[in-house]
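> My structure file final32.pdb, PDB, C-alpha atoms and all ligand atoms, is below:
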ATOM      1  CA  MET A   1       0.000   0.000   0.000
ATOM      2  CA  PRO A   2       1.610   3.321  -1.014
ATOM      3  CA  LYS A   3       2.236   5.993   1.634
ATOM      4  CA  GLY A   4      -0.661   8.419   1.800
ATOM      5  CA  SER A   5      -3.283   5.699   1.256
ATOM      6  CA  GLU A   6      -6.661   6.192   2.908
ATOM      7  CA  ILE A   7      -7.653   3.820   5.698
ATOM      8  CA  ILE A   8     -11.376   3.796   6.430
ATOM      9  CA  LEU A   9     -12.265   3.336  10.099
ATOM     10  CA  PRO A  10     -15.172   4.111  12.422
ATOM     11  CA  SER A  11     -15.114   7.504  14.074
ATOM     12  CA  TYR A  12     -16.637   5.988  17.212
ATOM     13  CA  THR A  13     -13.461   4.370  18.516
ATOM     14  CA  TRP A  14     -10.380   4.971  20.616
ATOM     15  CA  VAL A  15      -7.834   7.512  19.357
ATOM     16  CA  SER A  16      -5.007   5.048  18.862
ATOM     17  CA  CYS A  17      -6.863   3.592  15.849
ATOM     18  CA  ALA A  18      -6.397   6.867  13.959
ATOM     19  CA  GLN A  19      -3.030   7.749  15.462
ATOM     20  CA  VAL A  20      -1.392   4.579  14.113
ATOM     21  CA  VAL A  21      -2.749   5.330  10.651
ATOM     22  CA  LEU A  22      -1.106   8.771  10.715
ATOM     23  CA  LEU A  23       2.103   7.406  12.226
ATOM     24  CA  ALA A  24       2.301   4.846   9.409
ATOM     25  CA  GLY A  25       2.104   7.684   6.866
ATOM     26  CA  HIS A  26      -1.502   7.086   5.812
ATOM     27  CA  ILE A  27      -4.734   9.058   6.053
ATOM     28  CA  PRO A  28      -7.550   8.069   8.417
ATOM     29  CA  VAL A  29     -10.969   8.437   6.768
ATOM     30  CA  PHE A  30     -13.756   8.201   9.296
ATOM     31  CA  CYS A  31     -17.035   6.422   8.714
ATOM     32  CA  ASP A  32     -20.283   6.114  10.635
ATOM     33  CA  VAL A  33     -21.496   3.118  12.664
ATOM     34  CA  ASP A  34     -24.825   1.391  13.158
ATOM     35  CA  ILE A  35     -26.682   3.138  15.971
ATOM     36  CA  LYS A  36     -27.869  -0.163  17.476
ATOM     37  CA  THR A  37     -24.735  -2.317  17.375
ATOM     38  CA  MET A  38     -22.348   0.671  17.459
ATOM     39  CA  ASN A  39     -20.329  -1.330  14.926
ATOM     40  CA  VAL A  40     -19.235  -0.406  11.433
ATOM     41  CA  ARG A  41     -21.237  -1.920   8.529
ATOM     42  CA  LYS A  42     -20.492  -2.426   4.836
ATOM     43  CA  ILE A  43     -22.714   0.538   3.918
ATOM     44  CA  ASP A  44     -20.808   2.851   6.289
ATOM     45  CA  VAL A  45     -17.500   1.888   4.676
ATOM     46  CA  GLU A  46     -18.765   1.876   1.095
ATOM     47  CA  VAL A  47     -19.698   5.562   1.067
ATOM     48  CA  GLN A  48     -16.143   6.533   2.088
ATOM     49  CA  VAL A  49     -14.314   4.500  -0.586
ATOM     50  CA  SER A  50     -12.155   6.472  -3.035
ATOM     51  CA  GLU A  51      -9.380   5.630  -5.496
ATOM     52  CA  LYS A  52      -6.930   6.171  -2.606
ATOM     53  CA  THR A  53      -8.524   3.628  -0.259
ATOM     54  CA  GLY A  54      -5.908   1.093   0.842
ATOM     55  CA  ALA A  55      -7.532  -0.786   3.737
ATOM     56  CA  VAL A  56     -10.433  -0.863   6.171
ATOM     57  CA  MET A  57     -10.103  -0.967   9.939
ATOM     58  CA  ILE A  58     -12.977  -2.509  11.877
ATOM     59  CA  VAL A  59     -13.543  -2.386  15.643
ATOM     60  CA  ASP A  60     -15.587  -4.995  17.520
ATOM     61  CA  TYR A  61     -17.169  -2.367  19.737
ATOM     62  CA  ALA A  62     -17.632  -3.504  23.340
ATOM     63  CA  GLY A  63     -16.783  -7.012  22.163
ATOM     64  CA  LEU A  64     -19.744  -7.403  19.788
ATOM     65  CA  PRO A  65     -18.368  -9.009  16.606
ATOM     66  CA  VAL A  66     -18.493  -6.934  13.403
ATOM     67  CA  GLU A  67     -20.146  -8.488  10.322
ATOM     68  CA  ILE A  68     -16.729  -8.836   8.706
ATOM     69  CA  GLU A  69     -17.856 -10.976   5.734
ATOM     70  CA  SER A  70     -19.955  -8.225   4.170
ATOM     71  CA  ILE A  71     -17.171  -5.656   4.616
ATOM     72  CA  ALA A  72     -14.688  -8.096   3.042
ATOM     73  CA  GLU A  73     -16.880  -8.084  -0.106
ATOM     74  CA  LEU A  74     -15.532  -4.585  -0.796
ATOM     75  CA  GLY A  75     -12.175  -6.224  -1.562
ATOM     76  CA  PHE A  76      -9.838  -4.257   0.736
ATOM     77  CA  PRO A  77      -7.430  -5.736   3.286
ATOM     78  CA  ILE A  78      -9.042  -5.683   6.723
ATOM     79  CA  ILE A  79      -7.299  -4.643   9.914
ATOM     80  CA  GLU A  80      -9.328  -5.668  12.958
ATOM     81  CA  ASP A  81      -9.075  -3.730  16.179
ATOM     82  CA  ALA A  82      -9.969  -6.568  18.522
ATOM     83  CA  ALA A  83      -8.989  -4.583  21.627
ATOM     84  CA  HIS A  84     -12.400  -5.355  23.166
ATOM     85  CA  ALA A  85     -12.791  -8.734  21.556
ATOM     86  CA  VAL A  86     -10.644 -11.174  23.500
ATOM     87  CA  TYR A  87     -13.129 -14.052  23.996
ATOM     88  CA  SER A  88     -15.490 -12.761  21.276
ATOM     89  CA  VAL A  89     -16.467 -15.244  18.584
ATOM     90  CA  HIS A  90     -17.977 -14.615  15.148
ATOM     91  CA  ASN A  91     -19.719 -17.511  13.390
ATOM     92  CA  GLY A  92     -17.780 -19.947  15.548
ATOM     93  CA  VAL A  93     -14.381 -18.317  14.850
ATOM     94  CA  PRO A  94     -12.526 -16.190  17.447
ATOM     95  CA  CYS A  95     -12.592 -12.489  16.581
ATOM     96  CA  GLY A  96      -9.254 -11.534  15.117
ATOM     97  CA  ALA A  97      -8.848 -14.774  13.164
ATOM     98  CA  LEU A  98     -10.854 -13.614  10.147
ATOM     99  CA  ALA A  99      -9.084 -10.336   9.390
ATOM    100  CA  ASP A 100      -5.754  -9.948   7.570
ATOM    101  CA  VAL A 101      -4.252  -8.421  10.703
ATOM    102  CA  ALA A 102      -5.848  -8.112  14.141
ATOM    103  CA  ILE A 103      -4.643  -6.377  17.264
ATOM    104  CA  TYR A 104      -5.663  -7.121  20.847
ATOM    105  CA  SER A 105      -5.187  -4.858  23.839
ATOM    106  CA  PHE A 106      -4.083  -6.321  27.163
ATOM    107  CA  ASP A 107      -4.052  -3.018  29.053
ATOM    108  CA  ALA A 108      -5.224  -2.592  32.620
ATOM    109  CA  VAL A 109      -8.988  -2.369  31.949
ATOM    110  CA  LYS A 110      -9.253  -5.064  29.302
ATOM    111  CA  ASN A 111     -10.869  -8.516  29.638
ATOM    112  CA  LEU A 112      -7.402 -10.090  29.656
ATOM    113  CA  THR A 113      -4.720  -7.829  31.079
ATOM    114  CA  VAL A 114      -0.973  -8.002  31.424
ATOM    115  CA  GLY A 115      -0.824  -4.480  32.866
ATOM    116  CA  GLU A 116       0.086  -2.829  29.589
ATOM    117  CA  GLY A 117       0.609  -4.377  26.178
ATOM    118  CA  GLY A 118      -1.144  -6.162  23.362
ATOM    119  CA  GLY A 119      -1.077  -8.945  20.827
ATOM    120  CA  ILE A 120      -1.253  -9.343  17.083
ATOM    121  CA  THR A 121      -2.589 -12.054  14.813
ATOM    122  CA  VAL A 122      -1.795 -12.157  11.117
ATOM    123  CA  LYS A 123      -2.879 -14.405   8.271
ATOM    124  CA  ASN A 124      -0.010 -14.052   5.871
ATOM    125  CA  GLU A 125       3.419 -15.695   6.437
ATOM    126  CA  GLU A 126       5.256 -12.678   5.019
ATOM    127  CA  VAL A 127       3.563 -10.381   7.514
ATOM    128  CA  ILE A 128       4.452 -12.719  10.406
ATOM    129  CA  THR A 129       8.103 -12.635   9.353
ATOM    130  CA  ARG A 130       8.010  -8.848   9.098
ATOM    131  CA  VAL A 131       6.330  -8.447  12.508
ATOM    132  CA  LYS A 132       8.978 -10.680  14.100
ATOM    133  CA  MET A 133      11.723  -8.727  12.364
ATOM    134  CA  LEU A 134      10.409  -5.334  13.417
ATOM    135  CA  ARG A 135       9.381  -5.917  17.015
ATOM    136  CA  TYR A 136      12.884  -5.708  18.521
ATOM    137  CA  CYS A 137      14.091  -2.365  17.118
ATOM    138  CA  GLY A 138      14.077  -3.900  13.634
ATOM    139  CA  ILE A 139      17.029  -6.214  14.346
ATOM    140  CA  GLY A 140      15.050  -9.448  14.119
ATOM    141  CA  LYS A 141      16.973 -11.620  16.572
ATOM    142  CA  SER A 142      18.662 -10.593  19.782
ATOM    143  CA  GLY A 143      22.414 -11.180  19.888
ATOM    144  CA  PHE A 144      21.873 -14.058  22.314
ATOM    145  CA  GLU A 145      19.356 -15.769  20.028
ATOM    146  CA  ALA A 146      21.629 -15.242  17.036
ATOM    147  CA  ALA A 147      24.611 -16.726  18.919
ATOM    148  CA  GLN A 148      22.527 -19.763  19.857
ATOM    149  CA  SER A 149      21.140 -20.330  16.375
ATOM    150  CA  GLY A 150      24.517 -21.907  15.537
ATOM    151  CA  THR A 151      24.674 -20.907  11.889
ATOM    152  CA  LYS A 152      28.065 -21.898  10.504
ATOM    153  CA  GLY A 153      30.252 -18.877  10.024
ATOM    154  CA  ASN A 154      28.022 -16.788  12.311
ATOM    155  CA  THR A 155      31.007 -15.668  14.329
ATOM    156  CA  ARG A 156      29.803 -12.116  14.826
ATOM    157  CA  TRP A 157      26.283 -12.535  16.159
ATOM    158  CA  TRP A 158      26.370  -8.961  17.424
ATOM    159  CA  GLU A 159      26.221  -7.632  13.889
ATOM    160  CA  TYR A 160      22.692  -6.904  12.671
ATOM    161  CA  ASN A 161      21.185  -6.643   9.249
ATOM    162  CA  ILE A 162      18.705  -3.849   9.864
ATOM    163  CA  THR A 163      16.354  -3.092   6.993
ATOM    164  CA  GLU A 164      13.688  -0.851   8.587
ATOM    165  CA  PRO A 165      13.472   1.578  11.493
ATOM    166  CA  PHE A 166      11.287   0.445  14.383
ATOM    167  CA  ILE A 167      10.832   0.807  18.140
ATOM    168  CA  LYS A 168      10.971  -1.924  20.801
ATOM    169  CA  MET A 169       7.610  -3.637  21.139
ATOM    170  CA  LEU A 170       8.468  -6.822  23.007
ATOM    171  CA  PRO A 171       6.441  -8.003  25.982
ATOM    172  CA  THR A 172       8.358  -8.558  29.192
ATOM    173  CA  ASN A 173       8.529 -12.031  30.722
ATOM    174  CA  ILE A 174       6.661 -10.600  33.701
ATOM    175  CA  ALA A 175       3.806  -9.486  31.442
ATOM    176  CA  GLY A 176       3.879 -12.920  29.780
ATOM    177  CA  ALA A 177       3.535 -14.644  33.150
ATOM    178  CA  ILE A 178       0.602 -12.413  34.123
ATOM    179  CA  GLY A 179      -1.023 -13.091  30.749
ATOM    180  CA  LEU A 180      -0.735 -16.859  31.158
ATOM    181  CA  ALA A 181      -2.264 -16.647  34.633
ATOM    182  CA  GLN A 182      -5.092 -14.505  33.201
ATOM    183  CA  LEU A 183      -5.663 -17.041  30.429
ATOM    184  CA  ASN A 184      -6.104 -19.761  33.037
ATOM    185  CA  LYS A 185      -8.978 -17.849  34.591
ATOM    186  CA  ILE A 186     -10.473 -16.156  31.543
ATOM    187  CA  ASP A 187     -13.599 -18.379  31.581
ATOM    188  CA  GLU A 188     -14.258 -17.423  35.179
ATOM    189  CA  LEU A 189     -13.638 -13.702  34.530
ATOM    190  CA  GLN A 190     -15.919 -13.785  31.504
ATOM    191  CA  ALA A 191     -18.659 -15.617  33.392
ATOM    192  CA  THR A 192     -18.642 -12.814  35.977
ATOM    193  CA  ARG A 193     -18.832 -10.160  33.256
ATOM    194  CA  LYS A 194     -21.737 -12.002  31.634
ATOM    195  CA  ASP A 195     -23.605 -12.311  34.958
ATOM    196  CA  ILE A 196     -23.359  -8.552  35.515
ATOM    197  CA  TRP A 197     -24.368  -7.855  31.914
ATOM    198  CA  ASP A 198     -27.412 -10.134  32.300
ATOM    199  CA  VAL A 199     -28.486  -8.398  35.518
ATOM    200  CA  TYR A 200     -28.292  -5.002  33.776
ATOM    201  CA  GLN A 201     -30.232  -6.328  30.771
ATOM    202  CA  ARG A 202     -32.946  -7.745  33.019
ATOM    203  CA  GLU A 203     -33.205  -4.689  35.279
ATOM    204  CA  PHE A 204     -33.259  -2.147  32.461
ATOM    205  CA  ALA A 205     -35.473  -4.132  30.064
ATOM    206  CA  ASP A 206     -38.638  -2.332  31.195
ATOM    207  CA  VAL A 207     -37.072   1.064  31.798
ATOM    208  CA  GLY A 208     -38.485   3.001  28.869
ATOM    209  CA  TRP A 209     -35.963   5.848  28.852
ATOM    210  CA  ILE A 210     -32.927   3.529  28.639
ATOM    211  CA  THR A 211     -31.851   1.933  25.355
ATOM    212  CA  THR A 212     -29.896  -1.184  26.288
ATOM    213  CA  PRO A 213     -27.085  -2.677  24.182
ATOM    214  CA  VAL A 214     -27.811  -5.453  21.683
ATOM    215  CA  GLU A 215     -26.870  -9.072  22.290
ATOM    216  CA  ALA A 216     -24.538 -11.034  20.005
ATOM    217  CA  ALA A 217     -26.187 -12.763  17.034
ATOM    218  CA  SER A 218     -26.654 -16.516  17.172
ATOM    219  CA  GLY A 219     -23.338 -18.246  16.410
ATOM    220  CA  ASP A 220     -21.489 -15.220  17.856
ATOM    221  CA  ARG A 221     -20.180 -14.541  21.357
ATOM    222  CA  HIS A 222     -19.920 -11.147  23.046
ATOM    223  CA  SER A 223     -16.981 -10.346  25.319
ATOM    224  CA  TYR A 224     -18.964  -7.909  27.525
ATOM    225  CA  PHE A 225     -16.079  -5.450  27.631
ATOM    226  CA  THR A 226     -18.342  -2.486  28.269
ATOM    227  CA  TYR A 227     -22.058  -1.959  28.889
ATOM    228  CA  CYS A 228     -23.069   1.057  26.864
ATOM    229  CA  ILE A 229     -26.571   2.454  27.320
ATOM    230  CA  ARG A 230     -28.246   5.324  25.464
ATOM    231  CA  VAL A 231     -30.271   7.794  27.486
ATOM    232  CA  PRO A 232     -31.768  11.282  27.308
ATOM    233  CA  LYS A 233     -30.014  13.834  29.544
ATOM    234  CA  ARG A 234     -26.847  11.724  29.405
ATOM    235  CA  ASP A 235     -24.575  14.418  30.835
ATOM    236  CA  GLU A 236     -26.895  14.956  33.817
ATOM    237  CA  LEU A 237     -26.983  11.218  34.455
ATOM    238  CA  ALA A 238     -23.174  10.965  34.319
ATOM    239  CA  HIS A 239     -22.843  13.823  36.831
ATOM    240  CA  TYR A 240     -25.539  12.399  39.095
ATOM    241  CA  LEU A 241     -23.752   9.042  39.129
ATOM    242  CA  LEU A 242     -20.406  10.691  39.830
ATOM    243  CA  GLU A 243     -21.941  12.573  42.792
ATOM    244  CA  ASN A 244     -22.953   9.119  44.009
ATOM    245  CA  GLU A 245     -19.404   7.827  43.554
ATOM    246  CA  ILE A 246     -20.144   5.884  40.378
ATOM    247  CA  TYR A 247     -17.712   6.596  37.540
ATOM    248  CA  THR A 248     -19.071   6.325  34.012
ATOM    249  CA  THR A 249     -17.668   7.510  30.711
ATOM    250  CA  LEU A 250     -18.363   7.910  27.017
ATOM    251  CA  ARG A 251     -16.520   5.296  25.003
ATOM    252  CA  TYR A 252     -15.735   7.097  22.654
ATOM    253  CA  HIS A 253     -15.767  10.759  21.708
ATOM    254  CA  PRO A 254     -16.016  10.526  17.886
ATOM    255  CA  LEU A 255     -12.638  11.032  16.286
ATOM    256  CA  HIS A 256     -13.854  13.127  13.344
ATOM    257  CA  MET A 257     -14.735  15.832  15.909
ATOM    258  CA  ASN A 258     -11.009  16.316  16.685
ATOM    259  CA  PRO A 259      -9.168  19.051  14.761
ATOM    260  CA  LEU A 260      -6.054  16.926  14.182
ATOM    261  CA  TYR A 261      -7.758  14.796  11.544
ATOM    262  CA  LYS A 262      -9.261  17.741   9.608
ATOM    263  CA  GLN A 263     -12.647  16.086   9.130
ATOM    264  CA  MET A 264     -14.705  18.214  11.494
ATOM    265  CA  ASP A 265     -17.060  19.293   8.713
ATOM    266  CA  LYS A 266     -17.928  15.692   7.938
ATOM    267  CA  ARG A 267     -21.359  14.587   9.159
ATOM    268  CA  LEU A 268     -21.556  11.104  10.676
ATOM    269  CA  PRO A 269     -25.033  11.252  12.249
ATOM    270  CA  ASN A 270     -24.957   8.052  14.290
ATOM    271  CA  CYS A 271     -21.547   8.766  15.809
ATOM    272  CA  GLU A 272     -22.734  12.285  16.605
ATOM    273  CA  LYS A 273     -25.927  10.939  18.194
ATOM    274  CA  LEU A 274     -23.880   8.539  20.329
ATOM    275  CA  ASN A 275     -21.715  11.474  21.317
ATOM    276  CA  GLU A 276     -24.843  13.008  22.882
ATOM    277  CA  ASP A 277     -26.612  10.054  24.461
ATOM    278  CA  ALA A 278     -24.272   7.081  24.998
ATOM    279  CA  LEU A 279     -22.763   6.203  28.357
ATOM    280  CA  SER A 280     -20.675   3.229  29.483
ATOM    281  CA  ILE A 281     -21.616   2.193  32.982
ATOM    282  CA  PRO A 282     -19.294   0.058  35.147
ATOM    283  CA  LEU A 283     -18.757  -3.541  34.048
ATOM    284  CA  HIS A 284     -15.790  -5.495  35.342
ATOM    285  CA  PRO A 285     -15.195  -8.686  37.344
ATOM    286  CA  ARG A 286     -14.356  -6.866  40.595
ATOM    287  CA  LEU A 287     -17.849  -5.379  40.935
ATOM    288  CA  THR A 288     -19.701  -6.840  43.901
ATOM    289  CA  GLU A 289     -23.426  -7.629  43.967
ATOM    290  CA  ASN A 290     -23.859  -4.550  46.180
ATOM    291  CA  ASP A 291     -22.010  -2.376  43.653
ATOM    292  CA  VAL A 292     -24.249  -3.591  40.832
ATOM    293  CA  GLU A 293     -27.382  -3.057  42.914
ATOM    294  CA  LYS A 294     -26.261   0.460  43.824
ATOM    295  CA  ILE A 295     -25.546   1.309  40.170
ATOM    296  CA  ILE A 296     -28.957   0.060  39.052
ATOM    297  CA  ASN A 297     -30.841   1.795  41.873
ATOM    298  CA  THR A 298     -29.030   5.091  41.363
ATOM    299  CA  ILE A 299     -29.787   5.053  37.644
ATOM    300  CA  LYS A 300     -33.453   4.261  38.310
ATOM    301  CA  GLU A 301     -33.621   7.038  40.919
ATOM    302  CA  PHE A 302     -32.317   9.493  38.333
ATOM    303  CA  GLY A 303     -35.110   8.304  36.026
ATOM    304  CA  LYS A 304     -37.747   9.488  38.511
ATOM    305  CA  LYS A 305     -36.624  13.060  37.862
ATOM    306  CA  LEU A 306     -37.070  12.835  34.087
TER     307      LEU A 306
HETATM  308  C1  LIG B   1     -10.960   0.108  20.525
HETATM  309  C2  LIG B   1      -9.590   0.255  21.130
HETATM  310  N1  LIG B   1      -8.527   0.155  20.339
HETATM  311  C3  LIG B   1      -7.274   0.274  20.823
HETATM  312  C4  LIG B   1      -7.051   0.504  22.151
HETATM  313  C5  LIG B   1      -5.638   0.697  22.606
HETATM  314  O1  LIG B   1      -5.182  -0.315  23.369
HETATM  315  P1  LIG B   1      -3.763  -0.128  24.111
HETATM  316  O2  LIG B   1      -3.951   0.957  25.116
HETATM  317  O3  LIG B   1      -3.487  -1.463  24.721
HETATM  318  O4  LIG B   1      -2.786   0.228  23.060
HETATM  319  C6  LIG B   1      -8.117   0.617  23.018
HETATM  320  C7  LIG B   1      -7.877   0.884  24.445
HETATM  321  O5  LIG B   1      -8.747   1.176  25.214
HETATM  322  C8  LIG B   1      -9.423   0.491  22.506
HETATM  323  O6  LIG B   1     -10.494   0.605  23.285
END
Show me this structure written as structure tokens.
Ligand SMILES: Cc1ncc(COP(=O)(O)O)c(C=O)c1O

Amino acid sequence: MPKGSEIILPSYTWVSCAQVVLLAGHIPVFCDVDIKTMNVRKIDVEVQVSEKTGAVMIVDYAGLPVEIESIAELGFPIIEDAAHAVYSVHNGVPCGALADVAIYSFDAVKNLTVGEGGGITVKNEEVITRVKMLRYCGIGKSGFEAAQSGTKGNTRWWEYNITEPFIKMLPTNIAGAIGLAQLNKIDELQATRKDIWDVYQREFADVGWITTPVEAASGDRHSYFTYCIRVPKRDELAHYLLENEIYTTLRYHPLHMNPLYKQMDKRLPNCEKLNEDALSIPLHPRLTENDVEKIINTIKEFGKKL
């Protein structure tokens, strides 16, 4: 893909999605999302395609799998931001396995954390080789690994054959150990997330002023990364909850509304609507039953004032 290619991605996502596009020398082109799933659809991408389009980035928002097959029909390479989608499954396949390249986040608030860091899955052998070459300052193998590889005539293992500039993006062994321990209990962590999600769904089902998030389609699995409701008077609700010591946030302030990307005149109605009425309420495995009850009751109390 030539430098300066356009990468189409949803505006309703975390900033790093667009920042990496710019850092790689390309142009982020923002698209809208479906108001119900908060995920990007083929139609959202299609209207942004130009002769400069080089790839599409999809985001499994909150861990709800994107309908990747229909987007793939457009014929562009697909980069999947699976930051929320550890444990998500689409049509029986883990999210991240269907795209050309997928990236997971293992940061502190994610379903599987190593403190800070991430993972990558790639389909193509050439890309795997390149990723392995780049990830340690572009030198490929450490001197120790090179010395051990025992190639005949490799008497100067400290000499590198660097072909591209890159930073150090290796996980530490400590992070690896934490990740393995997290993997051992991921089913348990996910079961807790699902229980909390189900309580919210049940408790808010008959609350007319709250629009609850959609469930995964049959054959798919949600990761329950975040529980994002849509409500009138969203800002007032967020402040009321904060006064009651409940932290909520908007995930995410649409990226096209930031001056850096020079697309502020673009109209993406669903992202802009979400910017006004969406709110992620707490959902993580450390919430107690009392916490969940307090969150639900406080939200319902706020509703009495509407
Ligand atoms: C959709 C999305 N993409 C990417 C990231 C970045 O992940 P990290 O902070 O591990 O780089 C996040 C983090 O919250 C995210 O929500």
> Please evaluate the PyMOL selection byres (((chain A and resi 58) around 9) and not hetatm) against the structure above and give the resulting residues as a list in words.
Ile8, Leu9, Pro10, Asn39, Val40, Arg41, Val56, Met57, Val59, Asp60, Tyr61, Val66, Ile68, Ile71, Ile78, Ile79, Glu80, Asp81 and Ala82 of chain A
> Restricting the calculation to only C-alpha atoms, which member of A:Leu268, A:Leu283, A:Val29, A:Val231 is positioned closest to Gly54 in chain A?
A:Val29
> For the file shown, what are the residues hit by the PyMOL selection byres (((not hetatm)) within 10 of (chain B and resi 1)), laid out as number ranges by chain?
A: 10, 12-18, 20, 58-63, 80-85, 103-110, 113-119, 225-226, 251-252
> Restrict the selected residues to C-alpha atoms and save them as an mmCIF file, in the coordinates of the input.

data_model
loop_
_atom_site.group_PDB
_atom_site.id
_atom_site.type_symbol
_atom_site.label_atom_id
_atom_site.label_comp_id
_atom_site.auth_asym_id
_atom_site.auth_seq_id
_atom_site.Cartn_x
_atom_site.Cartn_y
_atom_site.Cartn_z
ATOM 1 C CA PRO A 10 -15.172 4.111 12.422
ATOM 2 C CA TYR A 12 -16.637 5.988 17.212
ATOM 3 C CA THR A 13 -13.461 4.370 18.516
ATOM 4 C CA TRP A 14 -10.380 4.971 20.616
ATOM 5 C CA VAL A 15 -7.834 7.512 19.357
ATOM 6 C CA SER A 16 -5.007 5.048 18.862
ATOM 7 C CA CYS A 17 -6.863 3.592 15.849
ATOM 8 C CA ALA A 18 -6.397 6.867 13.959
ATOM 9 C CA VAL A 20 -1.392 4.579 14.113
ATOM 10 C CA ILE A 58 -12.977 -2.509 11.877
ATOM 11 C CA VAL A 59 -13.543 -2.386 15.643
ATOM 12 C CA ASP A 60 -15.587 -4.995 17.520
ATOM 13 C CA TYR A 61 -17.169 -2.367 19.737
ATOM 14 C CA ALA A 62 -17.632 -3.504 23.340
ATOM 15 C CA GLY A 63 -16.783 -7.012 22.163
ATOM 16 C CA GLU A 80 -9.328 -5.668 12.958
ATOM 17 C CA ASP A 81 -9.075 -3.730 16.179
ATOM 18 C CA ALA A 82 -9.969 -6.568 18.522
ATOM 19 C CA ALA A 83 -8.989 -4.583 21.627
ATOM 20 C CA HIS A 84 -12.400 -5.355 23.166
ATOM 21 C CA ALA A 85 -12.791 -8.734 21.556
ATOM 22 C CA ILE A 103 -4.643 -6.377 17.264
ATOM 23 C CA TYR A 104 -5.663 -7.121 20.847
ATOM 24 C CA SER A 105 -5.187 -4.858 23.839
ATOM 25 C CA PHE A 106 -4.083 -6.321 27.163
ATOM 26 C CA ASP A 107 -4.052 -3.018 29.053
ATOM 27 C CA ALA A 108 -5.224 -2.592 32.620
ATOM 28 C CA VAL A 109 -8.988 -2.369 31.949
ATOM 29 C CA LYS A 110 -9.253 -5.064 29.302
ATOM 30 C CA THR A 113 -4.720 -7.829 31.079
ATOM 31 C CA VAL A 114 -0.973 -8.002 31.424
ATOM 32 C CA GLY A 115 -0.824 -4.480 32.866
ATOM 33 C CA GLU A 116 0.086 -2.829 29.589
ATOM 34 C CA GLY A 117 0.609 -4.377 26.178
ATOM 35 C CA GLY A 118 -1.144 -6.162 23.362
ATOM 36 C CA GLY A 119 -1.077 -8.945 20.827
ATOM 37 C CA PHE A 225 -16.079 -5.450 27.631
ATOM 38 C CA THR A 226 -18.342 -2.486 28.269
ATOM 39 C CA ARG A 251 -16.520 5.296 25.003
ATOM 40 C CA TYR A 252 -15.735 7.097 22.654
#
> Measuring between all atoms listed in the file, which one of A:Lys168, A:Ile162, A:Ser50, A:Ala238 shows the shortest distance to Cys137 in chain A?
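Looking only at the distances to Cys137 in chain A, the closest residue turns out to be A:Lys168.
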> Rounded to one decimal, what separation in Å do you get between CA of Asn91 in chain A and CA of Pro65 in chain A?
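Separation between CA of Asn91 in chain A and CA of Pro65 in chain A: 9.2 Å.
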> Report, in Å with one decimal, the straight-line distance from CA of Lys266 in chain A to CA of Val21 in chain A.
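About the pair CA of Lys266 in chain A and CA of Val21 in chain A: they are 18.6 Å apart.
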> Evaluate the PyMOL selection byres (((chain A and resi 53) around 10) and not hetatm) and record the selected residues as a ChimeraX atom specification, following the chain and residue labels used in the document.
/A:1,4-8,26-29,48-52,54-56,76
> Would you mind exporting C-alpha atoms of the selected residues as a PDB file, keeping the file's coordinate frame?

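As a result, selection-v3.pdb now contains:
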ATOM      1  CA  MET A   1       0.000   0.000   0.000  1.00  0.00           C
ATOM      2  CA  GLY A   4      -0.661   8.419   1.800  1.00  0.00           C
ATOM      3  CA  SER A   5      -3.283   5.699   1.256  1.00  0.00           C
ATOM      4  CA  GLU A   6      -6.661   6.192   2.908  1.00  0.00           C
ATOM      5  CA  ILE A   7      -7.653   3.820   5.698  1.00  0.00           C
ATOM      6  CA  ILE A   8     -11.376   3.796   6.430  1.00  0.00           C
ATOM      7  CA  HIS A  26      -1.502   7.086   5.812  1.00  0.00           C
ATOM      8  CA  ILE A  27      -4.734   9.058   6.053  1.00  0.00           C
ATOM      9  CA  PRO A  28      -7.550   8.069   8.417  1.00  0.00           C
ATOM     10  CA  VAL A  29     -10.969   8.437   6.768  1.00  0.00           C
ATOM     11  CA  GLN A  48     -16.143   6.533   2.088  1.00  0.00           C
ATOM     12  CA  VAL A  49     -14.314   4.500  -0.586  1.00  0.00           C
ATOM     13  CA  SER A  50     -12.155   6.472  -3.035  1.00  0.00           C
ATOM     14  CA  GLU A  51      -9.380   5.630  -5.496  1.00  0.00           C
ATOM     15  CA  LYS A  52      -6.930   6.171  -2.606  1.00  0.00           C
ATOM     16  CA  GLY A  54      -5.908   1.093   0.842  1.00  0.00           C
ATOM     17  CA  ALA A  55      -7.532  -0.786   3.737  1.00  0.00           C
ATOM     18  CA  VAL A  56     -10.433  -0.863   6.171  1.00  0.00           C
ATOM     19  CA  PHE A  76      -9.838  -4.257   0.736  1.00  0.00           C
TER      20      PHE A  76
END
> Report the distance between CA of Val101 in chain A and CA of Val122 in chain A in Å, rounded to one decimal place.
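According to the coordinates, CA of Val101 in chain A and CA of Val122 in chain A are separated by 4.5 Å.
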> Tell me which residues come within 9 Å of (-34.3, 3.3, 32.8), as a compact mmCIF listing (two decimals) with C-alpha atoms, in the coordinates of the input, counting all atoms listed in the file in the file's coordinates.

# COMPACT_ATOMS: atom_id res chain seq x y z
CA GLU A 203 -33.20 -4.69 35.28
CA PHE A 204 -33.26 -2.15 32.46
CA ALA A 205 -35.47 -4.13 30.06
CA ASP A 206 -38.64 -2.33 31.20
CA VAL A 207 -37.07 1.06 31.80
CA GLY A 208 -38.48 3.00 28.87
CA TRP A 209 -35.96 5.85 28.85
CA ILE A 210 -32.93 3.53 28.64
CA THR A 211 -31.85 1.93 25.36
CA VAL A 231 -30.27 7.79 27.49
CA ILE A 296 -28.96 0.06 39.05
CA ILE A 299 -29.79 5.05 37.64
CA LYS A 300 -33.45 4.26 38.31
CA GLU A 301 -33.62 7.04 40.92
CA PHE A 302 -32.32 9.49 38.33
CA GLY A 303 -35.11 8.30 36.03
